[in-house]
$ cat run-v1.txt   # compact mmCIF, C-alpha atoms (C1' of nucleotides)
# COMPACT_ATOMS: atom_id res chain seq x y z
CA MET A 1 18.91 -2.11 -40.73
CA ASN A 2 16.90 -0.09 -43.25
CA GLN A 3 15.11 3.10 -42.45
CA ALA A 4 11.74 1.50 -41.78
CA GLN A 5 13.18 -0.87 -39.23
CA ALA A 6 15.12 1.94 -37.57
CA GLN A 7 11.94 3.96 -37.31
CA THR A 8 10.08 1.02 -35.81
CA THR A 9 12.81 0.61 -33.21
CA ASP A 10 12.70 4.31 -32.43
CA THR A 11 8.96 4.31 -32.01
CA ARG A 12 8.97 1.28 -29.75
CA THR A 13 11.76 2.73 -27.64
CA LEU A 14 10.01 6.08 -27.32
CA VAL A 15 6.81 4.39 -26.19
CA LEU A 16 8.53 1.99 -23.80
CA ASP A 17 10.52 4.82 -22.20
CA ALA A 18 7.44 6.91 -21.64
CA ALA A 19 5.53 3.93 -20.30
CA LEU A 20 8.31 3.03 -17.86
CA THR A 21 8.39 6.58 -16.52
CA LEU A 22 4.64 6.84 -16.11
CA PHE A 23 4.14 3.31 -14.77
CA SER A 24 6.80 3.69 -12.12
CA ASP A 25 5.76 7.23 -11.19
CA ARG A 26 2.01 6.74 -10.86
CA GLY A 27 1.48 3.04 -11.41
CA TYR A 28 -0.02 1.05 -14.25
CA PHE A 29 -3.64 1.77 -13.44
CA ASN A 30 -3.13 5.48 -12.97
CA THR A 31 -1.62 5.70 -16.43
CA SER A 32 -3.85 5.74 -19.49
CA VAL A 33 -2.73 4.76 -22.96
CA HIS A 34 -3.57 8.33 -23.92
CA ASP A 35 -1.08 9.56 -21.31
CA ILE A 36 1.60 7.35 -22.82
CA GLY A 37 0.77 8.62 -26.28
CA ARG A 38 1.03 12.21 -25.13
CA ALA A 39 4.27 11.68 -23.22
CA SER A 40 5.98 9.78 -26.01
CA GLY A 41 4.65 11.87 -28.89
CA ILE A 42 3.41 8.69 -30.55
CA SER A 43 -0.18 8.29 -31.62
CA ILE A 44 -2.62 5.92 -29.99
CA GLY A 45 -3.02 4.02 -33.24
CA SER A 46 0.69 3.48 -33.55
CA ILE A 47 0.98 2.23 -30.00
CA TYR A 48 -1.73 -0.33 -30.62
CA HIS A 49 -0.10 -1.27 -33.90
CA HIS A 50 3.15 -2.13 -32.11
CA PHE A 51 1.97 -3.58 -28.82
CA GLY A 52 -1.51 -4.93 -29.42
CA ASP A 53 -2.99 -3.70 -26.18
CA LYS A 54 -2.06 -1.97 -22.95
CA GLU A 55 -1.14 -5.24 -21.34
CA GLY A 56 1.11 -6.09 -24.28
CA LEU A 57 2.97 -2.87 -23.64
CA ALA A 58 3.53 -3.78 -20.01
CA ARG A 59 4.57 -7.26 -21.07
CA ALA A 60 7.15 -5.91 -23.49
CA LEU A 61 8.53 -3.64 -20.79
CA TYR A 62 8.71 -6.47 -18.28
CA ALA A 63 10.35 -8.87 -20.73
CA GLY A 64 12.98 -6.30 -21.67
CA LEU A 65 13.87 -5.49 -18.10
CA THR A 66 13.90 -9.14 -17.05
CA SER A 67 16.34 -10.02 -19.78
CA ARG A 68 18.60 -7.10 -18.86
CA MET A 69 18.59 -8.29 -15.29
CA GLN A 70 19.39 -11.81 -16.41
CA GLN A 71 22.29 -10.51 -18.42
CA LEU A 72 23.58 -8.51 -15.46
CA ILE A 73 23.57 -11.60 -13.26
CA GLY A 74 25.27 -13.60 -15.98
CA GLU A 75 28.04 -10.99 -16.23
CA VAL A 76 28.57 -10.99 -12.49
CA GLU A 77 28.81 -14.77 -12.46
CA HIS A 78 31.58 -14.65 -15.06
CA GLU A 79 33.49 -11.73 -13.61
CA ALA A 80 33.77 -13.10 -10.10
CA THR A 81 34.45 -16.55 -8.68
CA GLY A 82 33.09 -17.89 -5.43
CA SER A 83 29.64 -17.21 -4.04
CA HIS A 84 30.83 -14.49 -1.71
CA ASP A 85 32.42 -12.40 -4.44
CA GLN A 86 29.65 -13.07 -6.93
CA ALA A 87 26.86 -12.18 -4.56
CA ARG A 88 28.64 -9.08 -3.33
CA ALA A 89 29.28 -7.95 -6.89
CA LEU A 90 25.63 -8.52 -7.69
CA VAL A 91 24.42 -6.43 -4.77
CA SER A 92 26.87 -3.71 -5.71
CA ARG A 93 25.63 -3.66 -9.31
CA LEU A 94 22.02 -3.57 -8.16
CA PHE A 95 22.74 -0.65 -5.83
CA VAL A 96 24.36 1.30 -8.66
CA LEU A 97 21.54 0.41 -11.03
CA THR A 98 19.00 1.69 -8.52
CA GLU A 99 20.72 5.07 -8.55
CA THR A 100 21.18 5.30 -12.32
CA GLU A 101 17.84 3.81 -13.36
CA PRO A 102 15.45 4.00 -10.45
CA ARG A 103 12.42 3.65 -12.67
CA ALA A 104 13.63 0.39 -14.17
CA MET A 105 14.40 -0.93 -10.71
CA ALA A 106 11.05 0.21 -9.36
CA PHE A 107 9.19 -1.51 -12.17
CA MET A 108 11.13 -4.75 -11.69
CA LEU A 109 11.13 -5.05 -7.92
CA TYR A 110 8.27 -2.98 -6.80
CA ALA A 111 5.36 -3.09 -9.21
CA ARG A 112 2.61 -5.60 -8.52
CA HIS A 113 2.79 -7.37 -11.85
CA ARG A 114 0.14 -9.91 -11.00
CA GLU A 115 -2.42 -7.16 -11.00
CA PHE A 116 -1.87 -6.21 -14.61
CA LEU A 117 -0.04 -9.23 -16.06
CA PRO A 118 -2.22 -12.07 -14.79
CA ASP A 119 -0.36 -14.72 -16.79
CA GLU A 120 3.14 -13.90 -15.59
CA PRO A 121 4.46 -15.80 -12.58
CA PRO A 122 5.43 -13.68 -9.55
CA VAL A 123 8.77 -11.85 -9.85
CA CYS A 124 10.36 -14.16 -7.30
CA SER A 125 9.73 -17.07 -9.66
CA SER A 126 11.33 -15.31 -12.60
CA ARG A 127 14.62 -16.34 -14.15
CA PRO A 128 16.76 -13.69 -12.39
CA PHE A 129 15.57 -14.74 -8.95
CA ALA A 130 16.15 -18.38 -9.80
CA MET A 131 19.71 -17.49 -10.82
CA MET A 132 20.24 -15.83 -7.45
CA ARG A 133 19.04 -18.93 -5.66
CA ASP A 134 21.38 -21.08 -7.75
CA MET A 135 24.26 -18.81 -6.83
CA VAL A 136 23.50 -19.48 -3.17
CA SER A 137 23.08 -23.23 -3.68
CA ARG A 138 26.50 -23.48 -5.30
CA GLY A 139 27.97 -21.57 -2.36
CA MET A 140 26.43 -24.09 -0.02
CA ALA A 141 27.76 -27.05 -2.00
CA ARG A 142 31.20 -25.46 -1.95
CA GLY A 143 31.16 -24.92 1.80
CA GLU A 144 31.19 -21.13 1.65
CA ILE A 145 27.64 -20.91 2.90
CA ARG A 146 26.14 -22.65 5.89
CA ARG A 147 23.97 -25.69 5.10
CA MET A 148 20.29 -24.84 5.28
CA ASP A 149 17.14 -24.63 3.20
CA ALA A 150 18.24 -23.02 -0.08
CA MET A 151 15.22 -20.76 -0.20
CA VAL A 152 15.85 -19.52 3.34
CA ALA A 153 19.51 -18.88 2.61
CA SER A 154 18.91 -16.82 -0.50
CA THR A 155 16.11 -14.89 1.17
CA CYS A 156 18.35 -14.08 4.12
CA LEU A 157 21.35 -13.18 1.99
CA PHE A 158 19.50 -10.91 -0.42
CA GLY A 159 16.58 -9.86 1.77
CA GLY A 160 18.39 -7.03 3.52
CA PRO A 161 19.96 -5.58 0.37
CA LEU A 162 16.69 -5.80 -1.56
CA ARG A 163 14.83 -4.01 1.22
CA MET A 164 17.47 -1.31 1.19
CA ILE A 165 16.67 -0.85 -2.48
CA THR A 166 12.96 -0.50 -1.88
CA ALA A 167 13.64 1.88 1.01
CA ARG A 168 15.73 4.01 -1.32
CA LEU A 169 13.02 3.94 -3.99
CA ASP A 170 10.54 5.04 -1.33
CA GLY A 171 12.75 8.03 -0.65
CA ILE A 172 13.36 7.23 3.01
CA LEU A 173 17.13 6.82 2.59
CA GLU A 174 19.09 10.02 2.41
CA ARG A 175 22.33 8.94 0.87
CA PRO A 176 22.84 6.96 -2.36
CA LEU A 177 22.82 3.21 -1.92
CA PRO A 178 26.50 2.55 -2.69
CA ASP A 179 27.34 4.53 0.46
CA TYR A 180 25.74 1.76 2.49
CA LEU A 181 27.20 -1.15 0.54
CA ASP A 182 29.97 -2.19 2.94
CA GLU A 183 27.78 -2.12 6.01
CA VAL A 184 24.84 -3.86 4.35
CA TRP A 185 26.98 -6.51 2.74
CA ALA A 186 28.80 -7.28 5.99
CA CYS A 187 25.43 -7.99 7.63
CA ALA A 188 24.09 -9.96 4.70
CA TRP A 189 27.11 -12.22 4.40
CA ARG A 190 27.42 -12.73 8.14
CA SER A 191 23.88 -14.07 8.16
CA VAL A 192 24.70 -17.07 5.97
CA ALA A 193 28.51 -17.43 5.95
CA ALA A 194 29.82 -20.84 6.92
CA HIS A 195 32.54 -19.63 9.29
CA MET B 1 -23.96 0.25 22.41
CA ASN B 2 -27.54 0.55 21.16
CA GLN B 3 -28.87 -1.40 18.24
CA ALA B 4 -28.29 1.35 15.69
CA GLN B 5 -24.65 1.58 16.60
CA ALA B 6 -24.31 -2.18 16.52
CA GLN B 7 -25.82 -2.25 13.05
CA THR B 8 -23.47 0.46 11.86
CA THR B 9 -20.53 -1.55 13.17
CA ASP B 10 -21.83 -4.66 11.43
CA THR B 11 -22.27 -2.86 8.13
CA ARG B 12 -18.81 -1.35 8.28
CA THR B 13 -17.24 -4.69 9.21
CA LEU B 14 -19.05 -6.51 6.41
CA VAL B 15 -17.88 -3.96 3.88
CA LEU B 16 -14.30 -3.84 5.18
CA ASP B 17 -14.05 -7.64 5.17
CA ALA B 18 -15.26 -7.89 1.60
CA ALA B 19 -12.97 -5.07 0.53
CA LEU B 20 -9.95 -6.68 2.16
CA THR B 21 -10.64 -9.97 0.41
CA LEU B 22 -11.15 -8.40 -2.99
CA PHE B 23 -8.30 -5.89 -2.70
CA SER B 24 -5.78 -8.52 -1.71
CA ASP B 25 -7.03 -11.07 -4.24
CA ARG B 26 -7.23 -8.88 -7.33
CA GLY B 27 -5.86 -5.54 -6.24
CA TYR B 28 -7.50 -2.19 -5.58
CA PHE B 29 -7.89 -1.15 -9.20
CA ASN B 30 -9.33 -4.47 -10.33
CA THR B 31 -12.03 -4.18 -7.69
CA SER B 32 -15.04 -1.93 -8.28
CA VAL B 33 -17.23 -0.50 -5.56
CA HIS B 34 -20.05 -2.48 -7.15
CA ASP B 35 -18.03 -5.66 -6.61
CA ILE B 36 -17.62 -4.79 -2.94
CA GLY B 37 -21.32 -4.10 -2.63
CA ARG B 38 -22.18 -7.44 -4.20
CA ALA B 39 -19.65 -9.38 -2.11
CA SER B 40 -20.67 -7.78 1.18
CA GLY B 41 -24.40 -7.69 0.53
CA ILE B 42 -24.39 -3.98 1.34
CA SER B 43 -25.81 -1.42 -1.06
CA ILE B 44 -23.74 1.15 -2.92
CA GLY B 45 -25.54 3.96 -1.13
CA SER B 46 -24.72 2.53 2.25
CA ILE B 47 -21.07 2.09 1.39
CA TYR B 48 -20.82 5.71 0.30
CA HIS B 49 -22.68 6.80 3.40
CA HIS B 50 -20.13 5.12 5.67
CA PHE B 51 -16.90 5.66 3.80
CA GLY B 52 -17.37 8.73 1.64
CA ASP B 53 -15.59 7.37 -1.39
CA LYS B 54 -13.60 4.37 -2.56
CA GLU B 55 -10.39 5.87 -1.29
CA GLY B 56 -11.97 6.43 2.13
CA LEU B 57 -12.75 2.74 2.24
CA ALA B 58 -9.15 1.85 1.52
CA ARG B 59 -8.02 4.41 4.09
CA ALA B 60 -10.26 2.91 6.77
CA LEU B 61 -8.91 -0.54 5.96
CA TYR B 62 -5.34 0.67 6.09
CA ALA B 63 -5.83 2.58 9.35
CA GLY B 64 -7.45 -0.43 11.02
CA LEU B 65 -4.70 -2.79 10.00
CA THR B 66 -1.96 -0.34 10.89
CA SER B 67 -3.32 0.09 14.38
CA ARG B 68 -3.64 -3.67 14.84
CA MET B 69 -0.03 -4.01 13.79
CA GLN B 70 0.98 -1.26 16.19
CA GLN B 71 -0.81 -3.03 18.99
CA LEU B 72 0.88 -6.31 18.14
CA ILE B 73 4.31 -4.67 18.32
CA GLY B 74 3.37 -2.99 21.60
CA GLU B 75 2.36 -6.34 23.08
CA VAL B 76 5.58 -7.94 22.02
CA GLU B 77 7.58 -5.11 23.56
CA HIS B 78 5.88 -5.68 26.90
CA GLU B 79 5.96 -9.45 26.86
CA ALA B 80 9.65 -9.78 26.16
CA THR B 81 12.72 -7.91 27.36
CA GLY B 82 15.86 -7.33 25.37
CA SER B 83 16.02 -6.60 21.67
CA HIS B 84 16.83 -10.15 20.75
CA ASP B 85 13.80 -11.63 22.45
CA GLN B 86 11.52 -8.81 21.38
CA ALA B 87 12.51 -8.95 17.74
CA ARG B 88 12.32 -12.72 17.65
CA ALA B 89 8.88 -12.67 19.21
CA LEU B 90 7.79 -10.09 16.68
CA VAL B 91 8.96 -12.16 13.73
CA SER B 92 7.26 -15.20 15.21
CA ARG B 93 3.97 -13.33 15.60
CA LEU B 94 4.20 -11.97 12.06
CA PHE B 95 4.82 -15.46 10.68
CA VAL B 96 1.76 -16.78 12.50
CA LEU B 97 -0.33 -13.82 11.40
CA THR B 98 0.64 -14.44 7.80
CA GLU B 99 -0.77 -17.95 8.05
CA THR B 100 -3.95 -17.01 9.90
CA GLU B 101 -4.72 -13.79 8.05
CA PRO B 102 -2.83 -13.78 4.78
CA ARG B 103 -5.10 -11.15 3.28
CA ALA B 104 -4.47 -8.66 6.06
CA MET B 105 -0.76 -9.27 5.75
CA ALA B 106 -0.85 -8.95 1.98
CA PHE B 107 -2.67 -5.64 2.20
CA MET B 108 -0.24 -4.27 4.77
CA LEU B 109 3.06 -5.41 3.35
CA TYR B 110 2.39 -5.97 -0.25
CA ALA B 111 -0.12 -3.52 -1.67
CA ARG B 112 1.23 -0.41 -3.36
CA HIS B 113 -0.61 2.07 -1.19
CA ARG B 114 0.89 5.10 -2.84
CA GLU B 115 -1.01 4.26 -5.98
CA PHE B 116 -4.41 4.56 -4.36
CA LEU B 117 -3.71 6.50 -1.15
CA PRO B 118 -1.63 9.38 -2.48
CA ASP B 119 -1.60 11.20 0.85
CA GLU B 120 -0.35 8.34 3.01
CA PRO B 121 3.40 8.08 3.53
CA PRO B 122 5.02 4.84 2.31
CA VAL B 123 4.47 1.82 4.59
CA CYS B 124 8.08 1.89 5.71
CA SER B 125 7.47 5.35 7.19
CA SER B 126 4.39 4.21 9.09
CA ARG B 127 4.24 3.90 12.85
CA PRO B 128 4.79 0.11 12.99
CA PHE B 129 7.97 0.33 10.97
CA ALA B 130 9.21 3.20 13.10
CA MET B 131 8.60 1.05 16.19
CA MET B 132 10.67 -1.72 14.67
CA ARG B 133 13.52 0.70 14.04
CA ASP B 134 13.30 1.95 17.62
CA MET B 135 13.48 -1.62 18.86
CA VAL B 136 16.74 -2.01 16.96
CA SER B 137 18.12 1.32 18.15
CA ARG B 138 17.55 0.36 21.78
CA GLY B 139 19.33 -2.92 21.14
CA MET B 140 22.28 -1.01 19.79
CA ALA B 141 22.37 1.36 22.77
CA ARG B 142 22.25 -1.64 25.07
CA GLY B 143 25.13 -3.38 23.30
CA GLU B 144 23.09 -6.32 22.05
CA ILE B 145 23.33 -5.13 18.48
CA ARG B 146 26.45 -4.08 16.65
CA ARG B 147 26.90 -0.33 16.22
CA MET B 148 25.92 0.80 12.76
CA ASP B 149 23.46 2.97 10.87
CA ALA B 150 20.09 2.32 12.53
CA MET B 151 18.27 2.10 9.24
CA VAL B 152 20.74 -0.43 7.90
CA ALA B 153 20.50 -2.51 11.05
CA SER B 154 16.73 -2.72 11.07
CA THR B 155 16.62 -3.41 7.35
CA CYS B 156 19.14 -6.23 7.74
CA LEU B 157 17.45 -7.70 10.80
CA PHE B 158 13.91 -7.70 9.41
CA GLY B 159 14.66 -7.81 5.69
CA GLY B 160 15.05 -11.57 5.49
CA PRO B 161 11.98 -12.40 7.58
CA LEU B 162 9.83 -9.88 5.68
CA ARG B 163 10.92 -11.32 2.36
CA MET B 164 10.02 -14.77 3.63
CA ILE B 165 6.55 -13.43 4.28
CA THR B 166 6.16 -12.03 0.77
CA ALA B 167 7.52 -15.28 -0.66
CA ARG B 168 4.88 -17.18 1.27
CA LEU B 169 2.15 -14.80 0.11
CA ASP B 170 3.35 -15.36 -3.46
CA GLY B 171 2.84 -19.06 -2.94
CA ILE B 172 6.45 -20.03 -3.62
CA LEU B 173 7.01 -21.48 -0.16
CA GLU B 174 5.61 -24.93 0.44
CA ARG B 175 5.50 -25.17 4.18
CA PRO B 176 3.88 -22.72 6.63
CA LEU B 177 6.16 -19.93 7.78
CA PRO B 178 6.55 -20.98 11.42
CA ASP B 179 8.36 -24.10 10.14
CA TYR B 180 11.15 -21.83 8.95
CA LEU B 181 11.27 -19.60 12.00
CA ASP B 182 14.35 -21.05 13.74
CA GLU B 183 16.47 -21.09 10.62
CA VAL B 184 15.40 -17.64 9.45
CA TRP B 185 15.80 -16.07 12.86
CA ALA B 186 19.27 -17.54 13.34
CA CYS B 187 20.36 -15.86 10.09
CA ALA B 188 18.64 -12.59 10.87
CA TRP B 189 20.10 -12.24 14.33
CA ARG B 190 23.57 -13.33 13.26
CA SER B 191 23.59 -10.49 10.75
CA VAL B 192 23.42 -7.77 13.40
CA ALA B 193 24.33 -9.39 16.74
CA ALA B 194 27.11 -7.70 18.66
CA HIS B 195 29.05 -10.86 19.53
C1' DT C 1 15.52 6.17 -64.50
C1' DA C 2 10.65 7.20 -63.94
C1' DA C 3 6.30 5.72 -62.81
C1' DA C 4 3.31 2.44 -60.59
C1' DT C 5 2.48 -0.59 -56.98
C1' DT C 6 2.79 -2.47 -52.49
C1' DA C 7 3.57 -2.89 -47.38
C1' DG C 8 3.06 -1.41 -43.19
C1' DA C 9 3.62 2.48 -39.94
C1' DA C 10 1.26 6.44 -38.09
C1' DC C 11 -2.73 8.91 -37.12
C1' DG C 12 -6.76 10.43 -34.25
C1' DA C 13 -11.81 10.77 -34.13
C1' DA C 14 -15.29 7.85 -32.54
C1' DC C 15 -17.28 3.89 -30.00
C1' DG C 16 -18.97 1.06 -26.32
C1' DT C 17 -18.15 0.00 -21.72
C1' DT C 18 -16.97 0.47 -17.05
C1' DC C 19 -16.45 2.85 -13.06
C1' DG C 20 -16.92 6.06 -9.21
C1' DT C 21 -20.28 8.82 -7.60
C1' DT C 22 -24.86 11.14 -6.86
C1' DC C 23 -29.63 11.33 -6.04
C1' DT C 24 -34.16 10.39 -4.48
C1' DA C 25 -37.13 7.38 -2.33
C1' DA C 26 -37.96 3.92 1.15
C1' DT C 27 -37.07 1.99 5.60
C1' DT C 28 -35.56 1.61 10.20
C1' DG C 29 -34.96 2.49 15.18
C1' DC C 30 -35.79 5.59 18.91
C1' DG D 1 -42.36 11.87 13.55
C1' DC D 2 -37.64 12.59 12.96
C1' DA D 3 -32.99 11.63 12.09
C1' DA D 4 -30.05 8.08 10.46
C1' DT D 5 -29.49 4.50 7.43
C1' DT D 6 -30.26 1.64 3.30
C1' DA D 7 -31.45 0.94 -1.31
C1' DG D 8 -30.39 0.77 -6.23
C1' DA D 9 -31.41 3.33 -10.51
C1' DA D 10 -29.24 6.89 -13.03
C1' DC D 11 -25.41 9.81 -14.44
C1' DG D 12 -21.31 11.50 -16.70
C1' DA D 13 -16.45 11.30 -17.23
C1' DA D 14 -12.69 8.53 -18.52
C1' DC D 15 -10.88 4.55 -20.33
C1' DG D 16 -9.20 0.88 -23.64
C1' DT D 17 -9.83 -0.15 -28.13
C1' DT D 18 -11.21 0.03 -33.14
C1' DC D 19 -11.16 1.57 -37.70
C1' DG D 20 -10.93 4.18 -41.91
C1' DT D 21 -7.58 6.88 -43.60
C1' DT D 22 -3.09 9.11 -44.78
C1' DC D 23 1.73 8.99 -45.23
C1' DT D 24 6.29 7.10 -46.30
C1' DA D 25 9.67 4.13 -47.87
C1' DA D 26 10.77 0.07 -50.44
C1' DT D 27 9.97 -2.71 -54.53
C1' DT D 28 8.55 -3.74 -59.01
C1' DT D 29 7.60 -2.70 -63.71
C1' DA D 30 8.49 -0.69 -68.03

$ encode --input "run-v1.txt" --output "structure tokens"
Amino acid sequence: MNQAQAQTTDTRTLVLDAALTLFSDRGYFNTSVHDIGRASGISIGSIYHHFGDKEGLARALYAGLTSRMQQLIGEVEHEATGSHDQARALVSRLFVLTETEPRAMAFMLYARHREFLPDEPPVCSSRPFAMMRDMVSRGMARGEIRRMDAMVASTCLFGGPLRMITARLDGILERPLPDYLDEVWACAWRSVAAH
Amino acid sequence: MNQAQAQTTDTRTLVLDAALTLFSDRGYFNTSVHDIGRASGISIGSIYHHFGDKEGLARALYAGLTSRMQQLIGEVEHEATGSHDQARALVSRLFVLTETEPRAMAFMLYARHREFLPDEPPVCSSRPFAMMRDMVSRGMARGEIRRMDAMVASTCLFGGPLRMITARLDGILERPLPDYLDEVWACAWRSVAAH
DNA sequence: TAAATTAGAACGAACGTTCGTTCTAATTGC
DNA sequence: GCAATTAGAACGAACGTTCGTTCTAATTTA
């Protein structure tokens, strides 16, 4: 990578970082492009050069985070075998991620993308969520998970954990999420386990 | 109620209805006060006379819906006895309400209030959610629900059903929610039931 | 190697538009 | 006739975006 490319990467990263912080702190509509410029130390012109428009910036952020999430699920699927272990590992990783990168998690799970990215499908339709549903379907085929509507099963299995995450992001949970993992997972698995 | 008061009520209702529709369709920030005036047939001046400012309008909407929700939970608590029956009745009512008044439900559960009502606590801290947690705590004291962190228990019990509601609002569920009630409730209760 | 040329990244003042809000006049109900 | 309500034109601040320019590094030419 030559110096120009490195600089481009730096600039984009600086802008995306600032945007993530501001978007998840105050929301997309309470953040102006000027705010992002100020916070990142990058000029307005440069931001528009790299991202086209404000929506393009949000799109880039969303795409980056979605692909990271996809990767995380992929890793979990390879590290563990069996739906129980895979799903538990996934919840564990998500809990840790919420503590280490709350802003990323907030933007992924919590932001109302439809309001500022009209062309994106809802988060629940995105690749990562589809992968979670597949994980559950395989568990059902294998007899680990009770036979039922696949959508219902994955909603019940991950619904509790995901709400714990949003509760934590809302600041109404005192202790870090991993402290609750065992208790939450026991409930979640019990709700769909075959035996 | 004299005619003036009746007219005031009408005006407020017209405005609140239009605001609810627009807010839940496009979001608070994609809706201008002029849009609300046009949609309701009420003038800008009148809207500002009744609600003070745009935020006051959102606050009135939020307060009205919160109190309706509170009332609904209160009714359920009186109609049924035992945490199991109460919680199941509540989920059932919420599923029906989502079908009959999706916009109200979307505004309550789905909107990011913090972004436009900076002084309101997060939804999860609101009265209705506190009542749901109390319902679970009583069930635990009574031995119906497994002993565990109260927050975890209520999140696990209602997490699945609430996510089903948001899935339905996102349009990724084909059939009406009540069709899924038995299956969803079985999972939810299993996750926290004592025996 | 030194100078000339090119590519594109960065800059920020300026623009047009939109939005929330205010203001004054008109209307209504008692 | 008086207070409350409605009306909608007008206002000003803030926003997303554009554009002419400068700067910097890479490439070509001699």

$ closest_residue --input "run-v1.txt" --among "D:DA7, D:DA14, D:DA30, D:DC2" --to "C:DA4" --atoms "only C-alpha atoms (C1' of nucleotides)"
D:DA30

$ closest_atom_pairs --input "run-v1.txt" --of "chain C" --to "chain A" --cutoff "8 Å" --atoms "only C-alpha atoms (C1' of nucleotides)" --output "Markdown table"
| residue | atom | partner | partner_atom | distance |
| --- | --- | --- | --- | --- |
| C:DA9 | C1' | A:Ser46 | CA | 7.1 |
| C:DA10 | C1' | A:Ser46 | CA | 5.4 |
| C:DC11 | C1' | A:Ser43 | CA | 6.1 |
| C:DG12 | C1' | A:Ser43 | CA | 7.4 |

$ closest_residue --input "run-v1.txt" --among "A:Phe116, A:Phe95, A:Phe29, A:Tyr180" --to "chain D" --atoms "all atoms listed in the file"
A:Phe29

$ interface_residues --input "run-v1.txt" --of "chain A" --to "chain B" --cutoff "6 Å" --atoms "all atoms listed in the file" --output "short mmCIF file (atom, residue, chain, number, x, y, z; two decimals) with C-alpha atoms, in the frame of the given file"
data_model
loop_
_atom_site.label_atom_id
_atom_site.label_comp_id
_atom_site.auth_asym_id
_atom_site.auth_seq_id
_atom_site.Cartn_x
_atom_site.Cartn_y
_atom_site.Cartn_z
CA THR A 155 16.11 -14.89 1.17
CA CYS A 156 18.35 -14.08 4.12
CA GLY A 159 16.58 -9.86 1.77
CA GLY A 160 18.39 -7.03 3.52
CA ARG A 163 14.83 -4.01 1.22
CA CYS A 187 25.43 -7.99 7.63
CA ARG A 190 27.42 -12.73 8.14
CA SER A 191 23.88 -14.07 8.16
#

$ atom_distance --input "run-v1.txt" --atom1 "atom CA of A:Gly41" --atom2 "atom CA of A:Glu120"
29.0 Å

$ interface_residues --input "run-v1.txt" --of "chain D" --to "chain A" --cutoff "8 Å" --atoms "all atoms listed in the file" --output "ChimeraX atom specification"
/D:15-17,25
